[in-house]
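*Asks:* Take a look at the following structure, please.
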Amino acid sequence: MKQFDSGGVGIETRATAPKGLTESDLVRMYEYMVLARSLDERMWLLNRAGQAPFVISCQGHEAAQVGAAFSLQPEKDVLVPYYRDLGMVLYFGLTPRELMLSLLARKGDPTSAGRQMPGHYGSRKHNVITGSSPVATQVLHATGIALAAKYRREDTVAWTCVGEGGTSQGDFHEALNFASIHRLPVVFFVENNGYAISVPQRKQMAIENVADRAAGYGMPGVTVDGGDPVAVYTVAREAVDRARAGGGPTLIEAKVQRLTAHSSDDDDRTYRDPEELKAERAQDPIVRFRAALMEQGVLTEAQDADIRARIKAQIDDATEFAEQAPYPDPAELMLHVYGS
């Protein structure tokens, strides 16, 4: 396992953008991060107003998700996300309107026509495979997709995400073992925020880094600062290129912050020191990335104001659109439900 330390946010000078990224890409990264955060915050407001039954947040994970997503090619790669991956599914093409339809369980929800709980993202046309509630089952699905791509000789990489709590499930270990044996084109991305709901990492595993486990499966393991989208992009790009070239899987662990409770049904005040959360908020990835972009002259105050105004308009539109959309027809309750 190797550590990847960018020494802060990984932007050096305007003349030395990271491999494969332009200044325009860096601004787009920032915009996706702000879009994910702003949409997430609106979802929490709707929940607290009694309009949305459940929210599970991406706040603190945005840099890791967006940095990773920029290493992929949505037109041919397959994303098998987990419930926090709002930033990734936005990059792959799901829109704020569609995600609001899902949140409010409206008929037009593309993930399940209003049948699934929020966070079960899916879109066939955008190569996003929906998961189910049992934790880490999606990791096996991604391995199967990668196996099929290899048999078909397709230029496809499967990318799957999981929290560090999910790495304690048997599905995770079975998937990594199988993928490594068969050198499959899949990347396993662990978004480690330190808590499996209320259980801290020190009570889950006797190692400091989840990526240390990669050695047991004969694949590269990398731990990266998940608050730095450029650092995440750099290691993700290497893993994706390796997978696409036939080099097999990689395990990437992004250390991130969880800036909210586990979900809207959780009260983290019962197990989390307020000072710990205060320290995490001081490392907010959006604040960090904005400061780095400003310092290097890649982003201006006027650009930032324009980005935030456009995003607010998008989210206002998505909210109004979803609130006015019809609920599923009760007569269609049994549609797509199968029995033997």
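Residue names in the structure tokens use chain letters A, B, ... in the order shown, residue numbers from 1 in each chain, and ligand numbers from 1 in the order shown.
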Excluding same-chain residues fewer than 6 positions from A:Pro134, what lies within 12 Å of it counting only C-alpha atoms, as a PyMOL selection string?
*Replies:* chain A and resi 82-83+120+140+162+165-166+169-172
*Asks:* Report as a Markdown table the residues of stretch 103-220 of chain A within 10 Å of stretch 88-91 of chain A, each with its shortest atom pair and distance in Å (one decimal), using only C-alpha atoms, ordered by chain and increasing residue number.
*Replies:*
```
| residue | atom | partner | partner_atom | distance |
| --- | --- | --- | --- | --- |
| A:Tyr121 | CA | A:Val89 | CA | 7.4 |
| A:Gly122 | CA | A:Val89 | CA | 8.4 |
| A:Ser123 | CA | A:Val89 | CA | 9.1 |
| A:His126 | CA | A:Val89 | CA | 8.7 |
| A:Asn127 | CA | A:Val89 | CA | 9.6 |
| A:Val128 | CA | A:Val89 | CA | 7.3 |
| A:Cys161 | CA | A:Met88 | CA | 9.8 |
```
*Asks:* Residues near stretch 331-337 of chain A, anyone? I mean within 12 Å using only C-alpha atoms, not counting same-chain ones fewer than 2 positions away, as a PyMOL selection string.
*Replies:* chain A and resi 107+112-115+327-329+339-340
*Asks:* I'd like to know which of A:Gly227, A:Gly144, A:Gly246, A:Gly108 is closest to A:Arg290, using only C-alpha atoms.
*Replies:*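 Closest to A:Arg290, using only C-alpha atoms: A:Gly227.
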*Asks:* Report the distance between atom CA of A:Pro185 and atom CA of A:Asp241 in Å, rounded to one decimal place.
*Replies:*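 Interatomic distance, atom CA of A:Pro185 to atom CA of A:Asp241: 9.4 Å.
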*Asks:* Neighbours of A:Thr95 within 12 Å (only C-alpha atoms; same-chain residues fewer than 3 positions away dropped), as a ChimeraX atom specification?
*Replies:* /A:32,35-36,39,86-92,98-102,109-111,121-123,126,311,314-315,317-319,321-322
*Asks:* Take the residues that were just selected and, keeping N, CA, C and O atoms, output them as a short mmCIF file (atom, residue, chain, number, x, y, z; two decimals), in the first residue's frame.
*Replies:*
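Writing done, so here's result_16.cif:
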```cif
data_model
loop_
_atom_site.label_atom_id
_atom_site.label_comp_id
_atom_site.auth_asym_id
_atom_site.auth_seq_id
_atom_site.Cartn_x
_atom_site.Cartn_y
_atom_site.Cartn_z
N TYR A 32 -19.13 21.14 -9.97
CA TYR A 32 -19.83 19.90 -9.60
C TYR A 32 -19.85 19.73 -8.08
O TYR A 32 -20.84 19.25 -7.52
N LEU A 35 -22.44 22.08 -6.79
CA LEU A 35 -23.77 21.59 -7.16
C LEU A 35 -24.20 20.46 -6.23
O LEU A 35 -25.34 20.44 -5.73
N ALA A 36 -23.30 19.50 -5.98
CA ALA A 36 -23.64 18.38 -5.10
C ALA A 36 -23.96 18.88 -3.69
O ALA A 36 -24.95 18.45 -3.08
N LEU A 39 -27.35 20.92 -3.69
CA LEU A 39 -28.49 20.03 -3.86
C LEU A 39 -28.74 19.23 -2.57
O LEU A 39 -29.88 19.07 -2.13
N LEU A 86 -23.74 11.28 -4.54
CA LEU A 86 -24.47 12.31 -5.28
C LEU A 86 -23.57 13.01 -6.29
O LEU A 86 -23.96 13.25 -7.43
N GLY A 87 -22.33 13.35 -5.89
CA GLY A 87 -21.42 14.03 -6.80
C GLY A 87 -21.08 13.19 -8.02
O GLY A 87 -20.98 13.71 -9.14
N MET A 88 -20.91 11.90 -7.84
CA MET A 88 -20.54 11.02 -8.95
C MET A 88 -21.69 10.85 -9.94
O MET A 88 -21.49 10.89 -11.15
N VAL A 89 -22.92 10.67 -9.42
CA VAL A 89 -24.03 10.45 -10.34
C VAL A 89 -24.39 11.72 -11.09
O VAL A 89 -24.85 11.67 -12.24
N LEU A 90 -24.16 12.89 -10.48
CA LEU A 90 -24.35 14.14 -11.22
C LEU A 90 -23.38 14.21 -12.40
O LEU A 90 -23.76 14.60 -13.51
N TYR A 91 -22.12 13.83 -12.17
CA TYR A 91 -21.14 13.84 -13.25
C TYR A 91 -21.51 12.86 -14.35
O TYR A 91 -21.30 13.13 -15.54
N PHE A 92 -22.07 11.73 -13.99
CA PHE A 92 -22.44 10.72 -14.98
C PHE A 92 -23.70 11.09 -15.75
O PHE A 92 -24.03 10.45 -16.74
N GLU A 98 -34.09 15.12 -11.89
CA GLU A 98 -34.28 13.67 -11.73
C GLU A 98 -34.02 13.24 -10.29
O GLU A 98 -34.73 12.39 -9.74
N LEU A 99 -33.01 13.83 -9.68
CA LEU A 99 -32.67 13.46 -8.31
C LEU A 99 -33.72 13.97 -7.32
O LEU A 99 -34.01 13.31 -6.31
N MET A 100 -34.32 15.11 -7.61
CA MET A 100 -35.41 15.59 -6.77
C MET A 100 -36.66 14.72 -6.94
O MET A 100 -37.39 14.46 -5.96
N LEU A 101 -36.92 14.25 -8.14
CA LEU A 101 -38.05 13.33 -8.35
C LEU A 101 -37.86 12.07 -7.51
O LEU A 101 -38.81 11.54 -6.92
N SER A 102 -36.63 11.59 -7.44
CA SER A 102 -36.33 10.42 -6.64
C SER A 102 -36.53 10.71 -5.16
O SER A 102 -37.13 9.91 -4.42
N ASP A 109 -39.38 9.63 -11.48
CA ASP A 109 -38.06 9.26 -10.96
C ASP A 109 -37.42 8.20 -11.86
O ASP A 109 -37.94 7.10 -11.99
N PRO A 110 -36.28 8.51 -12.50
CA PRO A 110 -35.68 7.55 -13.44
C PRO A 110 -35.02 6.36 -12.76
O PRO A 110 -34.75 5.35 -13.40
N THR A 111 -34.76 6.46 -11.46
CA THR A 111 -34.08 5.36 -10.78
C THR A 111 -35.02 4.21 -10.45
O THR A 111 -34.61 3.05 -10.45
N TYR A 121 -29.33 5.24 -6.48
CA TYR A 121 -29.20 5.86 -7.79
C TYR A 121 -29.14 4.80 -8.90
O TYR A 121 -28.48 3.77 -8.74
N GLY A 122 -29.76 5.10 -10.02
CA GLY A 122 -29.66 4.21 -11.16
C GLY A 122 -30.13 4.89 -12.43
O GLY A 122 -31.08 5.68 -12.41
N SER A 123 -29.47 4.59 -13.53
CA SER A 123 -29.87 5.12 -14.83
C SER A 123 -29.22 4.28 -15.91
O SER A 123 -27.99 4.32 -16.08
N HIS A 126 -27.32 6.26 -18.51
CA HIS A 126 -26.10 6.92 -18.02
C HIS A 126 -25.09 5.93 -17.43
O HIS A 126 -24.11 6.36 -16.79
N ILE A 311 -26.32 27.66 -10.04
CA ILE A 311 -26.67 26.44 -9.31
C ILE A 311 -27.93 26.64 -8.46
O ILE A 311 -28.81 25.77 -8.42
N GLN A 314 -30.83 26.36 -10.73
CA GLN A 314 -31.06 24.96 -11.07
C GLN A 314 -31.80 24.22 -9.98
O GLN A 314 -32.73 23.45 -10.24
N ILE A 315 -31.39 24.44 -8.75
CA ILE A 315 -31.97 23.71 -7.64
C ILE A 315 -33.38 24.22 -7.33
O ILE A 315 -34.28 23.43 -7.03
N ASP A 317 -35.39 25.37 -9.59
CA ASP A 317 -36.17 24.77 -10.67
C ASP A 317 -36.46 23.30 -10.39
O ASP A 317 -37.59 22.82 -10.57
N ALA A 318 -35.44 22.55 -9.96
CA ALA A 318 -35.61 21.12 -9.70
C ALA A 318 -36.61 20.89 -8.58
O ALA A 318 -37.44 19.97 -8.64
N THR A 319 -36.55 21.72 -7.55
CA THR A 319 -37.46 21.58 -6.42
C THR A 319 -38.90 21.82 -6.85
O THR A 319 -39.80 21.02 -6.56
N PHE A 321 -40.12 21.70 -9.87
CA PHE A 321 -40.51 20.68 -10.84
C PHE A 321 -40.96 19.40 -10.13
O PHE A 321 -42.00 18.82 -10.46
N ALA A 322 -40.18 18.96 -9.15
CA ALA A 322 -40.50 17.71 -8.45
C ALA A 322 -41.74 17.86 -7.57
O ALA A 322 -42.55 16.93 -7.48
#
```
*Asks:* Identify, on the basis of only C-alpha atoms, every residue whose closest approach to A:Ala239 does not exceed 8 Å; exclude the query and any residue fewer than 3 positions from it along the same chain; express the result as a list of chain:residue names.
*Replies:*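 Here the answer would be A:Val187, A:Val235, A:Ala236, A:Arg242, A:Ala243, A:Pro249, A:Thr250.
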*Asks:* If we count only C-alpha atoms, what is near A:Asp284 at a cut-off of 9 Å, once residues fewer than 6 positions away on the same chain are taken out, given as a VMD selection string?
*Replies:* chain A and resid 59 to 60 227 257 259
*Asks:* So which one's closest to A:Asp212, A:Val190, A:Leu26, A:Val80, A:Ala175? Using only C-alpha atoms, please.
*Replies:*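 The shortest atom-to-atom distance to A:Asp212 comes from A:Val190.
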